[in-house]
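Some notes on the structure that comes next.
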Amino acid sequence: MEARCKPTNVSRRRFLTTALAGAALAGTAPLLAACGSTVAAAVPSGPPKRGGTLRVGVTGGGASDTLDPHIPATNPDIARVLNLYEPLLLRDHDYRLRMLVAESLKSSPDARTWTAVLRSGIRFHDGRPVTPADVVATFRRITDPKDPKSGAAGLTMLGEVAATGDRTVEFRLTSPNSGFDDLLGQYSLGIVPADFDVKRPIGTGPFKADTFTAGLQSTFVRNEHYWRPGQPYLDRLSLINFADDDARINALLSSQVDAIDQVPVALVDVLRSDPRIQVLRSETGTWLPFTMRVDRPPFDDVRVRQALRLVVDREQMINQVLSGQGRVGNDLYAPFDPAYNRQLPQRKQNIAEAKRLLAEAGKPNLDIELVTAPIQAGAVEAAQVFQQQAKAAGVNVRIRKIDTTTFYGENYLSWDFAQDFWYTRNYLPQVASGALPKAPYNETHWNDPEFTDLVTRASATVDPKARTELLHRAQQIEYERGGLIVWGFVDQVDAYQSYVAGFVPDRTGISLSGYQFRQVWLGTAEGGAA
């Protein structure tokens with residue numbers, strides 16, 4: 001196709017829609033010459049510059065969008081949480097735990113008591129100092145048995161949180177937990193004042209809330225009390241929801257936004273061909289599993305689950321769904337965890353064995369519905385490729401595509417066969433979120449007593465070698481009889497205008513440098529100031 005420069009938004013959008021559809025089916029990236037000016041905007045250099053508004057196009061969201069720090073679900077929620085609030089500690093761009101609201105966190109020798117020392121001088125948005133009482137109230141809110149928040153499932157061993165000094169807080173556990181620091185290092189555990197009201201969202205993050213319209217847009221202003229000297233560099237931040245890929249990309253190409261998350265991999269080369277655009281690629285532990293409810297037929301038969309794992313050509317998934325922007329998975333998560341079990345044989349496509357297992361299970365002509373939605377770049381495309389691969393084993397996959405809001409609505413966790421996406425986590429925090437009987441996002445309804453016992457014992461084991469041995473056994477159980485198909489790990493691909501600076505690769509899997517907009521600054525856009 002010959003590209004003509006300066007198309008209207010409508011014509012450009014029509015092209016992108018066609019390109020996306022064609023690329024999804026062919027597994028290739030269409031070639032599109034950059035339109036508009038062919039002169040790249042100067043990439044900012046020198047020290048960061050203060051001022052300006054960053055406009056970010058964020059994938060998904062809907063009527064259930066929230067400013068609550070402790071129940072983020074969609075990408076816009078997560079972006080808001082990471083800029084309004086901060087937990088005691090969090091993983092950095094290299095996936096290392098770093099102190100935020102706390103300046104230190106230390107364990108007792110038996111891992112039953114963890115002591116946090118709050119950062120000196122840290123303040124909330126309204127100027128009040130952060131106190132141990134605020135930390136105690138925060139965790140009381142998160143673990144409230146009448147209204148537990150999303151992080152509560154990972155804190156079941158937390159017996160008491162007590163203020164023990166002007167800047168110290170003790171976390172007293174009911175059982176030893178050698179990885180408790182990792183459990184605290186979650187973006188959904190932001191510290192808030194004791195009198196927190198979600199209608200008046202106050203945290204310690206680099207930005208303060210300005211306006212918020214669920215499903216559409218939220219705006220923020222610089223927090224003048226922020227503890228990092230000189231940051232944030234921006235005066236204002238605007239997060240704009242986009243329901244579909246081509247609208248989001250079109251907004252970037254037409255300069256309606258300065259950055260977007262989750263570039264469809266089929267269009268990476270398209271954006272790279274535009275001299276005004278920078279593409280940011282990050283190797284991550286993000287995964288897009290297929291989820292099978294192990295308590296519902298036909299997935300309650302382990303032979304069916306194993307057969308469906310064997311119909312997947314993982315290399316083809318990486319190449320066709322991700323255009324090579326990812327790594328093959330082995331039906332396990334947490335690849336950056338030192339305890340990740342690399343001893344298990346890599347599962348590969350085996351159609352003959354899949355057919356044998358299905359016949360043995362009395363399902364030689366299996367017919368199943370797969371629920372999908374554009375929850376993350378590549379999700380719908382993965383469903384389509386899986387549908388084609390399953391045909392070779394005599395499995396008929398009927399795809400039911402719905403919108404993201406419906407997918408994560410009241411029926412979420414009810415789908416018999418569906419998909420989801422998870423950012424990078426280590427093994428035990430991920431298990432607490434999605435693989436225990438009372439985990440808040442146990443999509444497969446996994447409830448294996450032997451697995452639960454191993455995880456419980458591993459959490460209480462201080463010796464790293466002994467803990468790793470227990471976790472390897474737990475992972476083998478998931479590998480052999482779990483309800484997840486983890487076919488690969490997705491490289492995060494985002495894009496931004498060339499006049500934007502401060503974005504760096506990030507291993508957490510969270511888009512645009514972990515949505516850490518405090519470090520972003522604006523140079524001069526082509527044709528005028530940014």
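Quick note on naming: the chains in the structure tokens go A, B, ... in the order shown, residues restart at 1 in each chain, and ligands are numbered from 1 in order of appearance.
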
Do you know which residues are at most 9 Å from Val198 of chain A counting only C-alpha atoms, after dropping those on the same chain fewer than 6 positions away, and could you put them as an MDAnalysis selection string?
chainID A and resid 66:69

Counting only C-alpha atoms, what is within 6 Å of Thr53 of chain A, bar same-chain residues fewer than 4 positions away, as a VMD selection string?
chain A and resid 235 to 237

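Nearest residue to Pro87 of chain A, choosing from A:Asn177, A:Thr143, A:Thr204, A:Gln476 and counting only C-alpha atoms: A:Thr204.
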
Quick one: pick out all helix (DSSP H, G or I) residues within segment 184-407 of chain A from a backbone DSSP run and write them as a short mmCIF file (atom, residue, chain, number, x, y, z; two decimals) with N, CA and C atoms, in the first residue's frame.
```cif
data_model
loop_
_atom_site.label_atom_id
_atom_site.label_comp_id
_atom_site.auth_asym_id
_atom_site.auth_seq_id
_atom_site.Cartn_x
_atom_site.Cartn_y
_atom_site.Cartn_z
N LEU A 184 5.10 -6.79 50.99
CA LEU A 184 4.83 -5.38 51.25
C LEU A 184 5.15 -4.50 50.04
N TYR A 187 2.26 -2.28 44.62
CA TYR A 187 1.69 -0.94 44.37
C TYR A 187 0.30 -0.77 44.98
N SER A 188 -0.37 -1.86 45.32
CA SER A 188 -1.72 -1.78 45.89
C SER A 188 -1.70 -1.59 47.41
N LEU A 189 -0.53 -1.30 47.99
CA LEU A 189 -0.41 -1.13 49.43
C LEU A 189 0.06 0.28 49.77
N ASP A 245 -6.97 -0.11 20.34
CA ASP A 245 -5.58 0.13 19.97
C ASP A 245 -5.42 1.23 18.92
N ASP A 246 -6.21 1.16 17.86
CA ASP A 246 -5.96 2.10 16.78
C ASP A 246 -6.29 3.53 17.18
N ALA A 247 -7.29 3.74 18.05
CA ALA A 247 -7.59 5.09 18.52
C ALA A 247 -6.43 5.64 19.34
N ARG A 248 -5.83 4.77 20.15
CA ARG A 248 -4.71 5.20 20.98
C ARG A 248 -3.50 5.57 20.13
N ILE A 249 -3.21 4.76 19.12
CA ILE A 249 -2.07 5.04 18.25
C ILE A 249 -2.32 6.27 17.40
N ASN A 250 -3.54 6.40 16.93
CA ASN A 250 -3.89 7.57 16.14
C ASN A 250 -3.71 8.85 16.96
N ALA A 251 -4.04 8.80 18.25
CA ALA A 251 -3.88 9.96 19.12
C ALA A 251 -2.41 10.34 19.25
N LEU A 252 -1.53 9.34 19.28
CA LEU A 252 -0.10 9.62 19.34
C LEU A 252 0.39 10.23 18.04
N LEU A 253 0.01 9.62 16.91
CA LEU A 253 0.49 10.09 15.61
C LEU A 253 -0.03 11.49 15.28
N VAL A 265 2.18 -5.18 18.99
CA VAL A 265 3.50 -5.54 18.48
C VAL A 265 3.55 -5.52 16.96
N ALA A 266 2.41 -5.75 16.31
CA ALA A 266 2.38 -5.74 14.85
C ALA A 266 2.65 -4.34 14.29
N LEU A 267 2.53 -3.32 15.12
CA LEU A 267 2.73 -1.96 14.65
C LEU A 267 3.99 -1.31 15.20
N VAL A 268 4.85 -2.09 15.83
CA VAL A 268 6.10 -1.52 16.35
C VAL A 268 6.93 -0.92 15.23
N ASP A 269 7.08 -1.64 14.13
CA ASP A 269 7.88 -1.13 13.02
C ASP A 269 7.23 0.09 12.38
N VAL A 270 5.91 0.15 12.41
CA VAL A 270 5.21 1.32 11.87
C VAL A 270 5.63 2.56 12.63
N LEU A 271 5.60 2.48 13.95
CA LEU A 271 5.95 3.64 14.76
C LEU A 271 7.44 3.96 14.68
N ARG A 272 8.26 2.93 14.60
CA ARG A 272 9.70 3.18 14.48
C ARG A 272 10.05 3.91 13.18
N VAL A 302 -7.84 -33.44 34.68
CA VAL A 302 -6.46 -32.99 34.45
C VAL A 302 -5.98 -33.38 33.06
N ARG A 303 -6.53 -34.46 32.50
CA ARG A 303 -6.11 -34.89 31.16
C ARG A 303 -6.52 -33.87 30.10
N VAL A 304 -7.67 -33.25 30.29
CA VAL A 304 -8.11 -32.19 29.37
C VAL A 304 -7.19 -30.98 29.49
N ARG A 305 -6.85 -30.62 30.73
CA ARG A 305 -5.98 -29.46 30.93
C ARG A 305 -4.61 -29.70 30.31
N GLN A 306 -4.08 -30.88 30.51
CA GLN A 306 -2.76 -31.19 29.93
C GLN A 306 -2.82 -31.24 28.41
N ALA A 307 -3.91 -31.76 27.88
CA ALA A 307 -4.06 -31.81 26.42
C ALA A 307 -4.06 -30.42 25.82
N LEU A 308 -4.78 -29.49 26.45
CA LEU A 308 -4.84 -28.13 25.92
C LEU A 308 -3.50 -27.43 26.02
N ARG A 309 -2.72 -27.77 27.04
CA ARG A 309 -1.37 -27.22 27.11
C ARG A 309 -0.50 -27.75 25.97
N LEU A 310 -0.76 -28.99 25.58
CA LEU A 310 0.06 -29.62 24.54
C LEU A 310 -0.32 -29.20 23.12
N ARG A 314 4.26 -22.84 21.24
CA ARG A 314 4.67 -21.64 21.96
C ARG A 314 5.55 -20.72 21.12
N GLU A 315 6.41 -21.31 20.33
CA GLU A 315 7.24 -20.49 19.44
C GLU A 315 6.39 -19.73 18.44
N GLN A 316 5.36 -20.41 17.91
CA GLN A 316 4.46 -19.73 16.98
C GLN A 316 3.71 -18.60 17.68
N MET A 317 3.30 -18.83 18.92
CA MET A 317 2.65 -17.78 19.70
C MET A 317 3.54 -16.55 19.81
N ILE A 318 4.80 -16.77 20.17
CA ILE A 318 5.72 -15.64 20.32
C ILE A 318 5.90 -14.90 18.99
N ASN A 319 6.07 -15.66 17.93
CA ASN A 319 6.34 -15.04 16.63
C ASN A 319 5.11 -14.39 16.01
N GLN A 320 3.96 -15.06 16.13
CA GLN A 320 2.78 -14.57 15.45
C GLN A 320 2.00 -13.56 16.30
N VAL A 321 1.86 -13.84 17.58
CA VAL A 321 1.10 -12.94 18.45
C VAL A 321 1.93 -11.74 18.85
N ILE A 351 0.71 -32.85 19.37
CA ILE A 351 -0.68 -33.07 18.98
C ILE A 351 -1.10 -34.52 19.21
N ALA A 352 -0.22 -35.46 18.93
CA ALA A 352 -0.57 -36.87 19.12
C ALA A 352 -0.89 -37.16 20.58
N GLU A 353 -0.07 -36.65 21.49
CA GLU A 353 -0.31 -36.88 22.91
C GLU A 353 -1.56 -36.14 23.37
N ALA A 354 -1.81 -34.96 22.83
CA ALA A 354 -3.03 -34.23 23.18
C ALA A 354 -4.26 -35.03 22.76
N LYS A 355 -4.24 -35.59 21.57
CA LYS A 355 -5.36 -36.40 21.12
C LYS A 355 -5.55 -37.62 22.01
N ARG A 356 -4.44 -38.25 22.40
CA ARG A 356 -4.54 -39.44 23.24
C ARG A 356 -5.17 -39.10 24.58
N LEU A 357 -4.74 -38.00 25.19
CA LEU A 357 -5.28 -37.60 26.48
C LEU A 357 -6.77 -37.27 26.38
N LEU A 358 -7.16 -36.59 25.31
CA LEU A 358 -8.57 -36.23 25.14
C LEU A 358 -9.42 -37.48 24.94
N ALA A 359 -8.92 -38.43 24.16
CA ALA A 359 -9.66 -39.67 23.95
C ALA A 359 -9.81 -40.44 25.26
N GLU A 360 -8.71 -40.46 26.04
CA GLU A 360 -8.74 -41.16 27.32
C GLU A 360 -9.73 -40.50 28.28
N ALA A 379 -3.72 -10.09 23.65
CA ALA A 379 -4.64 -11.06 24.25
C ALA A 379 -5.60 -11.64 23.21
N VAL A 380 -6.27 -10.80 22.47
CA VAL A 380 -7.24 -11.28 21.47
C VAL A 380 -6.51 -12.06 20.38
N GLU A 381 -5.36 -11.58 19.98
CA GLU A 381 -4.59 -12.27 18.94
C GLU A 381 -4.17 -13.66 19.43
N ALA A 382 -3.80 -13.77 20.70
CA ALA A 382 -3.43 -15.08 21.26
C ALA A 382 -4.61 -16.04 21.22
N ALA A 383 -5.80 -15.54 21.50
CA ALA A 383 -7.00 -16.38 21.43
C ALA A 383 -7.21 -16.90 20.02
N GLN A 384 -7.01 -16.03 19.04
CA GLN A 384 -7.21 -16.42 17.64
C GLN A 384 -6.19 -17.47 17.20
N VAL A 385 -4.94 -17.30 17.61
CA VAL A 385 -3.91 -18.27 17.24
C VAL A 385 -4.16 -19.60 17.95
N PHE A 386 -4.56 -19.54 19.22
CA PHE A 386 -4.86 -20.77 19.94
C PHE A 386 -6.01 -21.52 19.27
N GLN A 387 -7.00 -20.81 18.82
CA GLN A 387 -8.13 -21.42 18.12
C GLN A 387 -7.65 -22.23 16.92
N GLN A 388 -6.74 -21.66 16.16
CA GLN A 388 -6.22 -22.35 14.98
C GLN A 388 -5.37 -23.55 15.37
N GLN A 389 -4.54 -23.41 16.40
CA GLN A 389 -3.66 -24.50 16.81
C GLN A 389 -4.46 -25.68 17.35
N ALA A 390 -5.55 -25.40 18.05
CA ALA A 390 -6.33 -26.46 18.67
C ALA A 390 -7.03 -27.35 17.65
N LYS A 391 -7.29 -26.81 16.47
CA LYS A 391 -7.97 -27.59 15.44
C LYS A 391 -7.21 -28.86 15.10
N THR A 404 -13.50 -4.88 27.63
CA THR A 404 -12.71 -5.03 28.84
C THR A 404 -13.55 -4.81 30.10
N THR A 405 -14.43 -3.83 30.06
CA THR A 405 -15.27 -3.55 31.23
C THR A 405 -16.14 -4.74 31.58
N THR A 406 -16.74 -5.37 30.57
CA THR A 406 -17.57 -6.54 30.80
C THR A 406 -16.73 -7.71 31.30
N PHE A 407 -15.54 -7.86 30.72
CA PHE A 407 -14.67 -8.98 31.11
C PHE A 407 -14.34 -8.92 32.60
#
```

What's around Pro148 of chain A at 12 Å? Count only C-alpha atoms, leave out sequence neighbours fewer than 3 positions away in its own chain, and write the answer as an mmCIF file with N, CA and C atoms, in the first residue's frame.
```cif
data_model
loop_
_atom_site.group_PDB
_atom_site.id
_atom_site.type_symbol
_atom_site.label_atom_id
_atom_site.label_comp_id
_atom_site.auth_asym_id
_atom_site.auth_seq_id
_atom_site.Cartn_x
_atom_site.Cartn_y
_atom_site.Cartn_z
ATOM 1 N N HIS A 70 -6.127 0.943 47.101
ATOM 2 C CA HIS A 70 -5.995 -0.443 47.525
ATOM 3 C C HIS A 70 -6.811 -1.437 46.714
ATOM 4 N N ILE A 71 -7.457 -0.964 45.620
ATOM 5 C CA ILE A 71 -8.208 -1.896 44.769
ATOM 6 C C ILE A 71 -7.994 -1.608 43.277
ATOM 7 N N THR A 138 -3.547 2.363 57.598
ATOM 8 C CA THR A 138 -3.529 1.890 56.211
ATOM 9 C C THR A 138 -3.720 0.385 56.150
ATOM 10 N N PHE A 139 -2.967 -0.339 56.950
ATOM 11 C CA PHE A 139 -3.057 -1.797 56.893
ATOM 12 C C PHE A 139 -4.331 -2.307 57.564
ATOM 13 N N ARG A 140 -4.877 -1.546 58.489
ATOM 14 C CA ARG A 140 -6.182 -1.907 59.035
ATOM 15 C C ARG A 140 -7.240 -1.801 57.937
ATOM 16 N N ARG A 141 -7.129 -0.767 57.111
ATOM 17 C CA ARG A 141 -8.077 -0.591 55.999
ATOM 18 C C ARG A 141 -7.941 -1.718 54.976
ATOM 19 N N ILE A 142 -6.721 -2.086 54.652
ATOM 20 C CA ILE A 142 -6.474 -3.112 53.637
ATOM 21 C C ILE A 142 -6.980 -4.476 54.098
ATOM 22 N N THR A 143 -6.788 -4.791 55.363
ATOM 23 C CA THR A 143 -7.118 -6.131 55.869
ATOM 24 C C THR A 143 -8.447 -6.179 56.616
ATOM 25 N N ASP A 144 -9.239 -5.134 56.520
ATOM 26 C CA ASP A 144 -10.545 -5.099 57.173
ATOM 27 C C ASP A 144 -11.356 -6.335 56.780
ATOM 28 N N PRO A 145 -11.672 -7.219 57.708
ATOM 29 C CA PRO A 145 -12.389 -8.457 57.347
ATOM 30 C C PRO A 145 -13.763 -8.212 56.737
ATOM 31 N N GLY A 151 -4.934 -6.407 48.371
ATOM 32 C CA GLY A 151 -3.683 -6.875 48.953
ATOM 33 C C GLY A 151 -3.850 -7.724 50.195
ATOM 34 N N ALA A 152 -5.071 -7.851 50.689
ATOM 35 C CA ALA A 152 -5.290 -8.562 51.955
ATOM 36 C C ALA A 152 -4.924 -10.037 51.856
ATOM 37 N N ALA A 153 -5.167 -10.645 50.712
ATOM 38 C CA ALA A 153 -4.912 -12.082 50.570
ATOM 39 C C ALA A 153 -3.440 -12.416 50.731
ATOM 40 N N GLY A 154 -2.559 -11.479 50.416
ATOM 41 C CA GLY A 154 -1.131 -11.718 50.577
ATOM 42 C C GLY A 154 -0.633 -11.454 51.982
ATOM 43 N N LEU A 155 -1.528 -11.009 52.866
ATOM 44 C CA LEU A 155 -1.117 -10.634 54.216
ATOM 45 C C LEU A 155 -1.847 -11.455 55.273
ATOM 46 N N THR A 156 -2.204 -12.684 54.932
ATOM 47 C CA THR A 156 -2.975 -13.519 55.869
ATOM 48 C C THR A 156 -2.178 -13.848 57.118
ATOM 49 N N LYS A 438 -8.205 -18.857 48.853
ATOM 50 C CA LYS A 438 -8.804 -17.570 49.209
ATOM 51 C C LYS A 438 -8.131 -16.395 48.508
ATOM 52 N N ALA A 439 -7.312 -16.663 47.511
ATOM 53 C CA ALA A 439 -6.668 -15.585 46.765
ATOM 54 C C ALA A 439 -7.735 -14.750 46.050
ATOM 55 N N PRO A 440 -7.559 -13.421 45.982
ATOM 56 C CA PRO A 440 -8.615 -12.580 45.403
ATOM 57 C C PRO A 440 -8.834 -12.791 43.914
#
```

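Closest to Gly483 of chain A among A:Asp403, A:Asp463, A:Asp301, A:Asp453 is A:Asp301, based on only C-alpha atoms.
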
Write out as a PyMOL selection string all residues of segment 261-464 of chain A that backbone DSSP assigns to strand (DSSP E).
chain A and resi 277-287+290-292+326-328+367-372+396-401+417-419

Those residues with N, CA, C and O atoms, as a CSV table (one decimal), in the first residue's frame please?
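Result written to part.csv:
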```csv
chain,number,residue,atom,x,y,z
A,277,ILE,N,8.6,9.7,16.6
A,277,ILE,CA,8.2,8.8,17.7
A,277,ILE,C,9.4,8.0,18.2
A,277,ILE,O,10.2,7.5,17.4
A,278,GLN,N,9.4,7.8,19.5
A,278,GLN,CA,10.4,6.9,20.1
A,278,GLN,C,9.6,5.6,20.6
A,278,GLN,O,8.5,5.7,21.2
A,279,VAL,N,10.2,4.5,20.4
A,279,VAL,CA,9.6,3.2,20.9
A,279,VAL,C,10.4,2.7,22.1
A,279,VAL,O,11.6,2.6,22.0
A,280,LEU,N,9.7,2.4,23.2
A,280,LEU,CA,10.4,1.9,24.4
A,280,LEU,C,10.0,0.4,24.6
A,280,LEU,O,8.9,0.0,24.7
A,281,ARG,N,11.1,-0.5,24.5
A,281,ARG,CA,10.9,-1.9,24.7
A,281,ARG,C,11.5,-2.4,26.0
A,281,ARG,O,12.7,-2.0,26.3
A,282,SER,N,10.8,-3.2,26.8
A,282,SER,CA,11.3,-3.7,28.0
A,282,SER,C,11.1,-5.2,28.1
A,282,SER,O,10.0,-5.7,27.8
A,283,GLU,N,12.1,-5.9,28.5
A,283,GLU,CA,11.9,-7.4,28.8
A,283,GLU,C,11.3,-7.5,30.2
A,283,GLU,O,11.8,-7.0,31.1
A,284,THR,N,10.2,-8.3,30.3
A,284,THR,CA,9.5,-8.3,31.5
A,284,THR,C,9.1,-9.8,31.9
A,284,THR,O,9.4,-10.7,31.1
A,285,GLY,N,8.5,-9.9,33.0
A,285,GLY,CA,7.9,-11.1,33.4
A,285,GLY,C,6.4,-11.1,33.2
A,285,GLY,O,5.7,-12.0,33.8
A,286,THR,N,5.8,-10.2,32.4
A,286,THR,CA,4.4,-10.1,32.2
A,286,THR,C,3.9,-11.4,31.4
A,286,THR,O,4.6,-11.8,30.5
A,287,TRP,N,2.8,-11.9,31.8
A,287,TRP,CA,2.3,-13.1,31.1
A,287,TRP,C,0.8,-13.0,30.8
A,287,TRP,O,0.1,-12.3,31.5
A,290,PHE,N,-3.9,-18.4,29.5
A,290,PHE,CA,-5.3,-19.0,29.4
A,290,PHE,C,-5.6,-19.6,30.7
A,290,PHE,O,-4.8,-20.3,31.3
A,291,THR,N,-6.8,-19.3,31.2
A,291,THR,CA,-7.3,-19.8,32.5
A,291,THR,C,-8.4,-20.8,32.4
A,291,THR,O,-9.4,-20.6,31.8
A,292,MET,N,-8.2,-22.0,33.0
A,292,MET,CA,-9.1,-23.1,33.0
A,292,MET,C,-9.6,-23.3,34.4
A,292,MET,O,-8.9,-23.6,35.3
A,326,GLY,N,9.0,-11.3,22.8
A,326,GLY,CA,8.7,-12.0,24.1
A,326,GLY,C,9.6,-13.3,24.1
A,326,GLY,O,10.5,-13.5,23.3
A,327,ARG,N,9.3,-14.1,25.2
A,327,ARG,CA,10.0,-15.3,25.4
A,327,ARG,C,9.0,-16.5,25.7
A,327,ARG,O,8.0,-16.2,26.3
A,328,VAL,N,9.4,-17.7,25.3
A,328,VAL,CA,8.6,-18.8,25.5
A,328,VAL,C,8.4,-19.1,27.0
A,328,VAL,O,9.3,-19.0,27.8
A,367,ASP,N,-15.4,-29.5,22.4
A,367,ASP,CA,-16.0,-28.2,21.9
A,367,ASP,C,-16.0,-27.3,23.1
A,367,ASP,O,-16.7,-27.6,24.1
A,368,ILE,N,-15.3,-26.1,23.1
A,368,ILE,CA,-15.2,-25.2,24.2
A,368,ILE,C,-15.3,-23.8,23.8
A,368,ILE,O,-15.0,-23.4,22.7
A,369,GLU,N,-15.8,-23.0,24.7
A,369,GLU,CA,-15.9,-21.5,24.5
A,369,GLU,C,-14.7,-20.8,25.2
A,369,GLU,O,-14.5,-21.1,26.4
A,370,LEU,N,-14.0,-19.9,24.5
A,370,LEU,CA,-13.0,-19.1,25.1
A,370,LEU,C,-13.4,-17.7,25.1
A,370,LEU,O,-13.7,-17.1,24.1
A,371,VAL,N,-13.4,-17.1,26.3
A,371,VAL,CA,-13.8,-15.7,26.5
A,371,VAL,C,-12.6,-14.9,26.4
A,371,VAL,O,-11.6,-15.1,27.2
A,372,THR,N,-12.6,-13.9,25.6
A,372,THR,CA,-11.4,-13.0,25.4
A,372,THR,C,-11.9,-11.5,25.4
A,372,THR,O,-13.1,-11.2,25.2
A,396,ASN,N,-12.5,-27.9,19.0
A,396,ASN,CA,-13.2,-26.7,18.4
A,396,ASN,C,-13.3,-25.6,19.5
A,396,ASN,O,-14.0,-25.8,20.5
A,397,VAL,N,-12.6,-24.5,19.2
A,397,VAL,CA,-12.6,-23.4,20.2
A,397,VAL,C,-13.5,-22.3,19.6
A,397,VAL,O,-13.2,-21.7,18.5
A,398,ARG,N,-14.6,-22.0,20.3
A,398,ARG,CA,-15.5,-20.9,19.9
A,398,ARG,C,-15.1,-19.6,20.7
A,398,ARG,O,-15.1,-19.6,21.9
A,399,ILE,N,-14.6,-18.6,20.0
A,399,ILE,CA,-14.2,-17.4,20.7
A,399,ILE,C,-15.4,-16.5,20.9
A,399,ILE,O,-16.2,-16.2,20.0
A,400,ARG,N,-15.5,-16.0,22.2
A,400,ARG,CA,-16.4,-15.0,22.6
A,400,ARG,C,-15.7,-13.8,23.0
A,400,ARG,O,-15.1,-13.7,24.1
A,401,LYS,N,-15.7,-12.8,22.1
A,401,LYS,CA,-15.0,-11.5,22.4
A,401,LYS,C,-15.9,-10.5,23.0
A,401,LYS,O,-17.0,-10.2,22.5
A,417,PHE,N,-13.3,-20.8,30.7
A,417,PHE,CA,-12.1,-20.8,29.9
A,417,PHE,C,-11.9,-19.4,29.4
A,417,PHE,O,-12.8,-18.9,28.7
A,418,ALA,N,-10.9,-18.7,29.8
A,418,ALA,CA,-10.7,-17.3,29.5
A,418,ALA,C,-9.2,-17.0,29.5
A,418,ALA,O,-8.4,-17.9,29.3
A,419,GLN,N,-8.9,-15.7,29.6
A,419,GLN,CA,-7.6,-15.2,29.6
A,419,GLN,C,-7.4,-14.2,30.7
A,419,GLN,O,-8.4,-13.7,31.3
```

Hey, could you make a per-residue contact list for segment 431-452 of chain A against segment 468-474 of chain A with 9 Å as the cut-off, showing the nearest pair of atoms and its distance in Å to one decimal, counting only C-alpha atoms, sorted by chain and number, as a Markdown table?
```
| residue | atom | partner | partner_atom | distance |
| --- | --- | --- | --- | --- |
| A:Glu450 | CA | A:Ala474 | CA | 8.1 |
| A:Phe451 | CA | A:Ala474 | CA | 5.3 |
| A:Thr452 | CA | A:Ala474 | CA | 8.1 |
```

For segment 238-243 of chain A, work out the shell of residues within 9 Å, counting only C-alpha atoms and skipping chain neighbours fewer than 5 positions away, then give it as a count of residues only.
25

Using only C-alpha atoms, pick whichever of A:Tyr441, A:Arg50, A:Ser107, A:Ala214 has the shortest atom-to-atom distance to Asp77 of chain A.
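Using only C-alpha atoms, Asp77 of chain A sits closest to A:Ala214.
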
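In this comparison, which uses only C-alpha atoms, the residue of A:Pro109, A:Gly121, A:Gly394, A:Pro429 approaching Asn365 of chain A most closely is A:Gly394.
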
Which one of A:Ser108, A:Tyr515, A:Lys199, A:Leu322 sits closest to Thr211 of chain A if you count only C-alpha atoms?
A:Lys199

Which is closest to Asp416 of chain A among A:Leu522, A:Leu97, A:Leu484, A:Ile477, if we use only C-alpha atoms?
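Once distances to Asp416 of chain A are computed over only C-alpha atoms, the minimum belongs to A:Leu484.
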
Distance in Å - atom CA of Arg293 of chain A versus atom CA of His445 of chain A
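Result for atom CA of Arg293 of chain A versus atom CA of His445 of chain A: 5.7 Å, one decimal.
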
Distance in Å - atom CA of Leu332 of chain A versus atom CA of Val486 of chain A
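Result for atom CA of Leu332 of chain A versus atom CA of Val486 of chain A: 6.1 Å, one decimal.
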